[in-house]
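The next block is my_file-v8.txt, given as compact mmCIF, C-alpha atoms.
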# COMPACT_ATOMS: atom_id res chain seq x y z
CA MET A 1 64.56 103.94 136.75
CA VAL A 2 62.46 101.02 135.53
CA LYS A 3 61.77 98.49 138.28
CA ALA A 4 61.31 94.94 137.04
CA GLY A 5 60.17 91.78 138.81
CA ILE A 6 61.08 88.41 137.32
CA ILE A 7 58.96 85.47 138.48
CA THR A 8 60.76 82.17 138.78
CA PHE A 9 58.78 78.93 138.69
CA LEU A 10 59.90 75.36 139.31
CA GLY A 11 61.72 74.75 136.03
CA THR A 12 62.18 78.32 134.80
CA ASN A 13 65.57 78.62 133.08
CA CYS A 14 65.60 82.07 131.45
CA GLU A 15 65.31 84.21 134.57
CA GLN A 16 69.04 85.02 134.61
CA ASP A 17 69.08 85.96 130.91
CA THR A 18 66.09 88.24 131.57
CA LYS A 19 67.87 89.81 134.55
CA HIS A 20 71.08 90.34 132.52
CA ALA A 21 68.99 92.07 129.83
CA CYS A 22 67.37 94.30 132.48
CA ASP A 23 70.81 95.13 133.92
CA TYR A 24 72.11 95.96 130.44
CA LEU A 25 69.25 98.42 129.95
CA GLY A 26 69.98 100.03 133.31
CA TRP A 27 66.80 98.72 134.93
CA GLU A 28 66.54 97.67 138.55
CA SER A 29 65.38 94.07 138.77
CA GLU A 30 64.77 91.28 141.24
CA TYR A 31 63.42 87.74 141.26
CA ILE A 32 59.97 86.86 142.58
CA TRP A 33 59.50 83.25 143.72
CA GLN A 34 56.35 81.56 142.40
CA ASN A 35 54.90 81.08 145.89
CA GLU A 36 55.12 84.78 146.81
CA ILE A 37 52.05 86.98 146.74
CA ILE A 38 53.12 90.04 144.75
CA LYS A 39 52.73 93.09 146.97
CA LYS A 40 55.65 95.28 145.86
CA LYS A 41 55.17 97.80 143.06
CA TYR A 42 56.90 96.92 139.79
CA ASP A 43 56.81 98.79 136.48
CA VAL A 44 57.10 95.50 134.64
CA ILE A 45 56.77 91.88 135.71
CA PHE A 46 58.31 89.16 133.56
CA LEU A 47 57.16 85.56 133.39
CA PRO A 48 60.32 84.19 131.80
CA GLY A 49 60.94 81.21 129.58
CA GLY A 50 61.86 77.66 130.41
CA PHE A 51 59.53 75.08 131.86
CA SER A 52 57.16 75.09 134.79
CA TYR A 53 56.20 71.99 136.76
CA GLY A 54 57.73 69.90 133.97
CA ASP A 55 55.01 71.30 131.69
CA HIS A 56 52.94 68.31 132.83
CA ILE A 57 49.36 68.06 131.51
CA SER A 58 50.13 71.06 129.29
CA ALA A 59 52.73 73.85 129.30
CA GLY A 60 51.77 76.49 131.85
CA ARG A 61 48.69 74.62 133.10
CA ILE A 62 49.89 74.13 136.67
CA ALA A 63 51.96 77.32 137.02
CA LYS A 64 48.81 79.40 136.45
CA LEU A 65 47.65 78.29 139.91
CA THR A 66 50.68 79.67 141.78
CA PRO A 67 50.28 82.59 144.23
CA ALA A 68 52.53 84.83 142.08
CA VAL A 69 50.34 84.41 138.98
CA LYS A 70 47.13 84.72 140.97
CA SER A 71 48.38 88.00 142.50
CA LEU A 72 49.62 89.62 139.28
CA PRO A 73 48.70 93.33 139.45
CA ILE A 74 46.63 93.34 136.26
CA GLY A 75 46.31 96.77 134.67
CA LYS A 76 48.90 98.26 137.03
CA SER A 77 52.25 96.73 136.15
CA LEU A 78 53.09 95.78 132.57
CA ILE A 79 53.05 91.95 132.50
CA VAL A 80 55.34 90.28 129.96
CA GLY A 81 55.24 86.53 129.36
CA ILE A 82 58.07 85.10 127.29
CA CYS A 83 57.75 81.55 125.90
CA ASN A 84 56.66 79.48 128.93
CA GLY A 85 55.47 82.77 130.42
CA PHE A 86 53.22 83.30 127.37
CA GLN A 87 51.91 79.74 127.80
CA ILE A 88 51.13 80.46 131.47
CA LEU A 89 49.27 83.68 130.57
CA THR A 90 47.09 81.94 127.97
CA GLU A 91 46.40 79.02 130.33
CA ALA A 92 45.39 81.57 133.00
CA LYS A 93 43.06 83.14 130.39
CA LEU A 94 44.83 86.47 130.85
CA LEU A 95 45.52 86.39 127.11
CA SER A 96 43.31 84.85 124.44
CA GLY A 97 43.97 81.62 122.56
CA ALA A 98 46.06 78.59 123.44
CA LEU A 99 49.58 77.43 122.60
CA THR A 100 49.41 73.90 121.28
CA HIS A 101 52.09 71.49 120.03
CA ASN A 102 54.12 72.68 117.07
CA GLN A 103 52.62 71.52 113.79
CA ASN A 104 55.52 69.14 113.12
CA MET A 105 55.52 67.86 116.74
CA HIS A 106 59.22 68.77 116.98
CA PHE A 107 60.90 70.91 119.58
CA ILE A 108 62.02 73.89 117.49
CA SER A 109 65.16 75.74 118.52
CA LYS A 110 66.39 78.22 115.96
CA ILE A 111 66.80 81.87 115.09
CA CYS A 112 63.76 83.03 113.18
CA ASP A 113 62.71 86.02 111.13
CA LEU A 114 59.88 88.08 112.58
CA GLU A 115 57.78 91.12 111.77
CA PHE A 116 57.73 93.56 114.66
CA MET A 117 56.10 96.98 114.28
CA ASN A 118 56.65 97.12 110.50
CA GLU A 119 60.23 96.06 110.95
CA ASN A 120 62.01 92.78 110.21
CA ILE A 121 63.92 91.41 113.18
CA LYS A 122 65.63 88.16 114.18
CA LEU A 123 65.09 86.47 117.52
CA PRO A 124 65.65 82.96 118.87
CA ILE A 125 62.74 80.60 119.49
CA ALA A 126 62.95 77.39 121.53
CA HIS A 127 59.67 75.61 122.21
CA HIS A 128 57.54 72.53 121.73
CA GLN A 129 54.17 74.17 122.32
CA GLY A 130 54.21 77.46 120.46
CA ASN A 131 51.49 76.89 117.90
CA TYR A 132 49.09 79.78 118.60
CA THR A 133 45.52 78.54 118.19
CA GLY A 134 42.26 80.41 118.70
CA ASN A 135 40.60 83.71 118.03
CA VAL A 136 43.01 86.46 118.94
CA THR A 137 41.36 89.45 120.59
CA GLU A 138 44.57 91.35 121.31
CA GLU A 139 46.86 93.40 119.10
CA VAL A 140 49.34 91.18 117.27
CA ILE A 141 52.79 92.71 117.77
CA LEU A 142 54.99 89.87 116.49
CA ARG A 143 54.47 87.57 113.52
CA TYR A 144 56.70 84.80 112.16
CA LYS A 145 57.86 85.44 108.62
CA HIS A 146 57.99 81.70 107.86
CA ASN A 147 55.53 80.38 110.47
CA GLU A 148 57.90 77.79 111.92
CA ASN A 149 55.33 76.22 114.27
CA GLY A 150 52.05 76.51 112.33
CA SER A 151 50.48 79.32 114.39
CA ASP A 152 47.17 80.82 113.31
CA GLU A 153 47.84 84.08 111.43
CA ARG A 154 51.63 83.50 111.99
CA ILE A 155 51.16 84.88 115.51
CA ALA A 156 54.32 85.04 117.62
CA GLY A 157 53.38 87.76 120.10
CA ILE A 158 50.27 89.61 121.26
CA TYR A 159 49.52 92.66 123.42
CA ASN A 160 46.44 93.40 125.50
CA ARG A 161 46.84 97.16 125.87
CA LYS A 162 43.84 97.56 128.19
CA ASN A 163 45.20 95.14 130.79
CA LYS A 164 48.85 95.86 129.92
CA ILE A 165 49.75 92.22 129.19
CA ILE A 166 52.21 91.08 126.53
CA GLY A 167 52.86 87.48 125.51
CA MET A 168 55.47 86.27 123.01
CA MET A 169 57.10 82.97 122.08
CA PRO A 170 60.46 84.38 120.84
CA HIS A 171 63.19 85.11 123.39
CA PRO A 172 64.29 88.78 123.25
CA GLU A 173 66.41 88.30 126.40
CA ARG A 174 68.66 85.93 124.44
CA ALA A 175 69.29 88.60 121.80
CA VAL A 176 70.64 91.56 123.75
CA PHE A 177 74.42 91.10 123.83
CA LYS A 178 76.40 91.34 120.60
CA GLU A 179 78.73 88.62 121.91
CA LEU A 180 75.79 86.22 121.52
CA GLY A 181 75.29 87.17 117.88
CA LEU A 182 71.96 88.98 117.96
CA THR A 183 70.86 92.33 119.40
CA ASP A 184 67.30 92.75 118.08
CA GLY A 185 65.98 91.80 121.51
CA ILE A 186 66.90 95.32 122.64
CA LYS A 187 64.13 96.64 120.35
CA ILE A 188 61.60 94.54 122.28
CA PHE A 189 62.92 95.74 125.65
CA LYS A 190 62.82 99.37 124.43
CA PHE A 191 59.21 98.79 123.32
CA ILE A 192 58.42 97.41 126.79
CA GLU A 193 60.08 100.46 128.37
CA ASN A 194 57.95 102.80 126.25
CA GLU A 195 54.75 100.96 127.20
CA ILE A 196 55.31 101.17 130.98
CA MET B 1 32.32 61.18 154.06
CA LYS B 2 31.72 58.91 151.07
CA LYS B 3 34.29 57.63 148.60
CA PHE B 4 33.94 58.75 144.99
CA SER B 5 35.76 57.70 141.87
CA ALA B 6 35.59 59.60 138.58
CA SER B 7 37.19 59.29 135.14
CA VAL B 8 37.70 62.48 133.19
CA ASN B 9 38.27 61.96 129.48
CA VAL B 10 39.83 64.98 127.75
CA LYS B 11 40.04 65.40 123.99
CA LEU B 12 40.64 68.19 121.53
CA LYS B 13 37.60 69.98 120.14
CA PRO B 14 36.70 68.73 116.64
CA THR B 15 37.78 72.08 115.14
CA ILE B 16 41.33 71.77 116.54
CA LYS B 17 43.87 69.80 114.52
CA ASP B 18 45.00 66.72 116.45
CA ILE B 19 48.75 66.92 115.77
CA LYS B 20 49.59 64.07 118.17
CA ALA B 21 47.15 61.83 116.30
CA GLU B 22 48.75 62.78 112.98
CA THR B 23 52.16 61.83 114.40
CA LEU B 24 50.74 58.54 115.69
CA LYS B 25 49.24 57.84 112.28
CA SER B 26 52.57 58.49 110.63
CA ALA B 27 54.34 56.18 113.13
CA ILE B 28 51.80 53.37 112.57
CA ASN B 29 52.23 53.70 108.81
CA ASN B 30 55.99 53.33 109.30
CA LEU B 31 55.45 50.23 111.45
CA LEU B 32 53.04 48.28 109.28
CA SER B 33 50.50 48.59 106.53
CA VAL B 34 46.98 49.42 107.75
CA ASN B 35 44.00 50.19 105.54
CA ASN B 36 41.84 53.27 106.10
CA LEU B 37 43.71 54.32 109.27
CA HIS B 38 42.19 57.01 111.52
CA CYS B 39 43.62 58.05 114.89
CA LYS B 40 42.52 60.28 117.75
CA VAL B 41 44.35 60.98 120.99
CA ASN B 42 42.36 61.26 124.22
CA THR B 43 43.64 61.39 127.78
CA THR B 44 41.82 59.82 130.70
CA TYR B 45 42.45 60.91 134.28
CA ASN B 46 41.17 58.70 137.11
CA ILE B 47 40.47 60.52 140.35
CA GLU B 48 39.45 59.08 143.71
CA PHE B 49 38.50 61.21 146.68
CA GLU B 50 36.05 61.63 149.55
CA ALA B 51 33.14 64.08 149.73
CA ASN B 52 29.96 64.61 151.75
CA SER B 53 27.57 64.13 148.84
CA LYS B 54 27.36 63.38 145.12
CA THR B 55 26.55 67.05 144.47
CA GLU B 56 29.72 68.13 146.26
CA ALA B 57 31.73 65.43 144.44
CA GLU B 58 30.42 66.59 141.05
CA LYS B 59 31.37 70.17 141.86
CA ILE B 60 34.88 69.11 142.88
CA VAL B 61 35.51 67.10 139.69
CA LYS B 62 34.11 69.87 137.49
CA THR B 63 36.47 72.38 139.11
CA ILE B 64 39.46 70.07 138.64
CA ALA B 65 38.53 69.43 135.00
CA ASP B 66 37.89 73.11 134.21
CA GLU B 67 41.00 74.42 135.97
CA ILE B 68 43.62 71.71 135.49
CA LEU B 69 42.71 68.87 133.15
CA ALA B 70 41.26 70.76 130.18
CA ASN B 71 41.72 74.12 128.50
CA SER B 72 38.28 75.18 127.27
CA VAL B 73 39.82 77.10 124.35
CA ILE B 74 40.92 73.90 122.62
CA GLU B 75 39.67 70.92 124.65
CA GLU B 76 36.42 69.33 125.86
CA TYR B 77 35.88 66.66 128.49
CA LYS B 78 33.44 64.03 129.69
CA ILE B 79 33.12 62.76 133.26
CA LYS B 80 32.24 59.14 134.03
CA TRP B 81 31.42 57.97 137.56
Please render this file's structure as structure tokens.
Amino acid sequence: MVKAGIITFLGTNCEQDTKHACDYLGWESEYIWQNEIIKKKYDVIFLPGGFSYGDHISAGRIAKLTPAVKSLPIGKSLIVGICNGFQILTEAKLLSGALTHNQNMHFISKICDLEFMNENIKLPIAHHQGNYTGNVTEEVILRYKHNENGSDERIAGIYNRKNKIIGMMPHPERAVFKELGLTDGIKIFKFIENEI
Amino acid sequence: MKKFSASVNVKLKPTIKDIKAETLKSAINNLLSVNNLHCKVNTTYNIEFEANSKTEAEKIVKTIADEILANSVIEEYKIKW
């Protein structure tokens, strides 16, 4: 059985959605508080969406200094940053590039069309700083079809296979249950499961 | 211990589009008519602290700027004492 850890920061608000998605897939999961040093073995560790430290200075800038982030078992567990989690991973320089303000300076909350592994899928996005900027050195696994936020190369998600780190702005955990209208998030979770 | 005071000015690298400045420019144009308007957004952080020497103080401010105040991928900074 897949064992997942879900880090919660001051301001995280998608940890329960992520846990529900893990439960739905039959994974074992538990929360990890930001101030814990990660010692337990996890197959996958999520940095979920939401906010962290009010996103002051810049989204993810302060959360990168927490004991949980500093003790991430790089190369051992699969690390998955979703939205604010992706911002934290880029700020920590664990993934390349930076996530700057959306090109139109608006908070964008909508369902968007994406390209994922030669497939068209729909996932929700909800962010103010999702504009991927910089020279990507990882594999791009998700691209916006209509580049809602102005990202370089329409980048929505990247994967560092060597260090086993994934970052993505869309929220797959909000697209698992058919009652919520979308189920394409399951494809992302199945991909994660295959990469463990 | 001596008291030190530093200002760290952070701005986007010239190659990065200053979206906040574009928004500011748009807002100013809505407010009044200005000829040949150019805007840039910088942030200044003022820090006061105590250290044993100027060398130690410089090291402290550089660490704060590198780790918290600026992201070297998109931003650059200048320190004034």
>> My list of candidates is B:Leu31, B:Glu75, B:Lys59, B:Cys39. Which is closest to Thr15 (chain B) when distances are computed with only C-alpha atoms?
In response: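 Among the listed residues, B:Glu75 lies closest to Thr15 (chain B).
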> A:Arg61, A:Lys19, A:Arg154, A:His56: which is nearest chain B, counting only C-alpha atoms?
Replying inline: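 Closest residue, counting only C-alpha atoms: A:Arg61.
Residue nearest chain B within the list A:Pro172, A:Gly81, A:Gly97, A:Gly26: A:Gly97 [criterion: smallest interatomic distance, only C-alpha atoms].
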>> When you count all atoms listed in the file, which of these residues is closest to Gly150 (chain A): B:Ile19, B:Ala51, B:Trp81, B:Asn71?
In response: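 Looking only at the distances to Gly150 (chain A), the closest residue turns out to be B:Ile19.
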List every residue of chain A that has an atom at most 9 Å from any atom of chain B, and for each one report the closest atom pair and its distance in Å to one decimal, counting all atoms listed in the file, with rows sorted by chain and then by increasing residue number, as JSON lines.
{"residue": "A:Ile57", "atom": "CA", "partner": "B:Leu69", "partner_atom": "CA", "distance": 6.9}
{"residue": "A:Ser58", "atom": "CA", "partner": "B:Leu69", "partner_atom": "CA", "distance": 8.6}
{"residue": "A:Arg61", "atom": "CA", "partner": "B:Ile68", "partner_atom": "CA", "distance": 6.3}
{"residue": "A:Ile62", "atom": "CA", "partner": "B:Ile68", "partner_atom": "CA", "distance": 6.8}
{"residue": "A:Leu65", "atom": "CA", "partner": "B:Glu67", "partner_atom": "CA", "distance": 8.6}
{"residue": "A:Glu91", "atom": "CA", "partner": "B:Asn71", "partner_atom": "CA", "distance": 7.0}
{"residue": "A:Ala92", "atom": "CA", "partner": "B:Glu67", "partner_atom": "CA", "distance": 8.9}
{"residue": "A:Ser96", "atom": "CA", "partner": "B:Val73", "partner_atom": "CA", "distance": 8.5}
{"residue": "A:Gly97", "atom": "CA", "partner": "B:Val73", "partner_atom": "CA", "distance": 6.4}
{"residue": "A:Ala98", "atom": "CA", "partner": "B:Val73", "partner_atom": "CA", "distance": 6.5}
{"residue": "A:Thr100", "atom": "CA", "partner": "B:Ile74", "partner_atom": "CA", "distance": 8.6}
{"residue": "A:His101", "atom": "CA", "partner": "B:Ile19", "partner_atom": "CA", "distance": 7.1}
{"residue": "A:Asn102", "atom": "CA", "partner": "B:Ile19", "partner_atom": "CA", "distance": 8.0}
{"residue": "A:Gln103", "atom": "CA", "partner": "B:Ile19", "partner_atom": "CA", "distance": 6.3}
{"residue": "A:Asn104", "atom": "CA", "partner": "B:Ile19", "partner_atom": "CA", "distance": 7.6}
{"residue": "A:Met105", "atom": "CA", "partner": "B:Ile19", "partner_atom": "CA", "distance": 6.9}
{"residue": "A:Thr133", "atom": "CA", "partner": "B:Ile74", "partner_atom": "CA", "distance": 7.9}
{"residue": "A:Gly134", "atom": "CA", "partner": "B:Val73", "partner_atom": "CA", "distance": 7.0}
> Could you pull the residues within 9 Å of region 184-194 of chain A, counting all atoms listed in the file, minus those fewer than 4 positions along the same chain, as a PyMOL selection string?
Replying inline: chain A and resi 2+21-22+25+43-44+78+80+116+121-123+166+171-177
> So how far away is CA of Lys164 (chain A) from CA of Thr90 (chain A), in Å?
Replying inline: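 These two atoms are separated by 14.2 Å.
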> Separation of CA of Val41 (chain B) and CA of Asn29 (chain B), in Å?
Replying inline: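 Computing the Euclidean distance for CA of Val41 (chain B) and CA of Asn29 (chain B) yields 16.2 Å.
Interatomic distance, CA of Lys2 (chain B) to CA of Thr55 (chain B): 11.7 Å.
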>> Which residues are near Ile82 (chain A)? Cut-off 7 Å, only C-alpha atoms, ignore same chain within fewer than 4 positions. Put them as a PyMOL selection string.
In response: chain A and resi 47-49+86+167-171
Missing atoms in region 1-37 of chain B: fill them in up to N, CA and C atoms and send the result as a CSV table (one decimal), in the frame of the given file.
chain,number,residue,atom,x,y,z
B,1,MET,N,31.7,61.0,155.4
B,1,MET,CA,32.3,61.2,154.1
B,1,MET,C,32.2,59.9,153.2
B,2,LYS,N,31.8,60.1,151.9
B,2,LYS,CA,31.7,58.9,151.1
B,2,LYS,C,32.9,58.9,150.1
B,3,LYS,N,33.2,57.7,149.6
B,3,LYS,CA,34.3,57.6,148.6
B,3,LYS,C,33.7,57.8,147.2
B,4,PHE,N,34.4,58.6,146.4
B,4,PHE,CA,33.9,58.8,145.0
B,4,PHE,C,35.1,58.5,144.0
B,5,SER,N,34.8,58.0,142.9
B,5,SER,CA,35.8,57.7,141.9
B,5,SER,C,35.2,58.2,140.5
B,6,ALA,N,36.0,59.0,139.9
B,6,ALA,CA,35.6,59.6,138.6
B,6,ALA,C,36.7,59.5,137.5
B,7,SER,N,36.3,59.3,136.3
B,7,SER,CA,37.2,59.3,135.1
B,7,SER,C,36.9,60.5,134.3
B,8,VAL,N,37.9,61.3,134.0
B,8,VAL,CA,37.7,62.5,133.2
B,8,VAL,C,38.4,62.2,131.9
B,9,ASN,N,37.7,62.2,130.8
B,9,ASN,CA,38.3,62.0,129.5
B,9,ASN,C,38.4,63.3,128.8
B,10,VAL,N,39.6,63.7,128.4
B,10,VAL,CA,39.8,65.0,127.8
B,10,VAL,C,40.3,64.8,126.3
B,11,LYS,N,39.6,65.5,125.4
B,11,LYS,CA,40.0,65.4,124.0
B,11,LYS,C,40.0,66.8,123.3
B,12,LEU,N,40.7,66.9,122.2
B,12,LEU,CA,40.6,68.2,121.5
B,12,LEU,C,39.3,68.4,120.9
B,13,LYS,N,38.9,69.7,120.8
B,13,LYS,CA,37.6,70.0,120.1
B,13,LYS,C,37.7,69.6,118.7
B,14,PRO,N,36.6,69.2,118.0
B,14,PRO,CA,36.7,68.7,116.6
B,14,PRO,C,37.3,69.8,115.7
B,15,THR,N,37.2,71.0,116.0
B,15,THR,CA,37.8,72.1,115.1
B,15,THR,C,39.3,72.2,115.3
B,16,ILE,N,39.9,71.6,116.3
B,16,ILE,CA,41.3,71.8,116.5
B,16,ILE,C,42.1,70.6,115.9
B,17,LYS,N,43.1,70.9,115.2
B,17,LYS,CA,43.9,69.8,114.5
B,17,LYS,C,44.6,69.0,115.6
B,18,ASP,N,44.4,67.6,115.5
B,18,ASP,CA,45.0,66.7,116.4
B,18,ASP,C,46.4,66.3,115.9
B,19,ILE,N,47.4,67.1,116.3
B,19,ILE,CA,48.8,66.9,115.8
B,19,ILE,C,49.4,65.6,116.3
B,20,LYS,N,49.1,65.3,117.6
B,20,LYS,CA,49.6,64.1,118.2
B,20,LYS,C,49.0,62.9,117.4
B,21,ALA,N,47.8,62.9,117.0
B,21,ALA,CA,47.2,61.8,116.3
B,21,ALA,C,47.8,61.7,114.9
B,22,GLU,N,48.1,62.8,114.3
B,22,GLU,CA,48.8,62.8,113.0
B,22,GLU,C,50.1,62.1,113.1
B,23,THR,N,50.8,62.4,114.2
B,23,THR,CA,52.2,61.8,114.4
B,23,THR,C,52.0,60.3,114.6
B,24,LEU,N,51.0,60.0,115.4
B,24,LEU,CA,50.7,58.5,115.7
B,24,LEU,C,50.4,57.8,114.4
B,25,LYS,N,49.6,58.4,113.6
B,25,LYS,CA,49.2,57.8,112.3
B,25,LYS,C,50.5,57.6,111.4
B,26,SER,N,51.3,58.6,111.4
B,26,SER,CA,52.6,58.5,110.6
B,26,SER,C,53.5,57.4,111.2
B,27,ALA,N,53.5,57.2,112.5
B,27,ALA,CA,54.3,56.2,113.1
B,27,ALA,C,53.8,54.8,112.8
B,28,ILE,N,52.4,54.7,112.9
B,28,ILE,CA,51.8,53.4,112.6
B,28,ILE,C,52.1,53.0,111.1
B,29,ASN,N,52.0,54.0,110.2
B,29,ASN,CA,52.2,53.7,108.8
B,29,ASN,C,53.7,53.3,108.6
B,30,ASN,N,54.6,53.7,109.4
B,30,ASN,CA,56.0,53.3,109.3
B,30,ASN,C,56.2,51.9,109.8
B,31,LEU,N,55.3,51.5,110.8
B,31,LEU,CA,55.4,50.2,111.4
B,31,LEU,C,54.9,49.1,110.6
B,32,LEU,N,53.7,49.3,110.1
B,32,LEU,CA,53.0,48.3,109.3
B,32,LEU,C,52.0,48.9,108.4
B,33,SER,N,51.5,48.1,107.5
B,33,SER,CA,50.5,48.6,106.5
B,33,SER,C,49.1,48.4,107.1
B,34,VAL,N,48.4,49.5,107.2
B,34,VAL,CA,47.0,49.4,107.8
B,34,VAL,C,46.1,50.2,106.8
B,35,ASN,N,44.9,49.5,106.5
B,35,ASN,CA,44.0,50.2,105.5
B,35,ASN,C,43.1,51.2,106.3
B,36,ASN,N,42.8,52.3,105.6
B,36,ASN,CA,41.8,53.3,106.1
B,36,ASN,C,42.1,53.7,107.6
B,37,LEU,N,43.3,54.0,107.9
B,37,LEU,CA,43.7,54.3,109.3
B,37,LEU,C,43.2,55.7,109.7
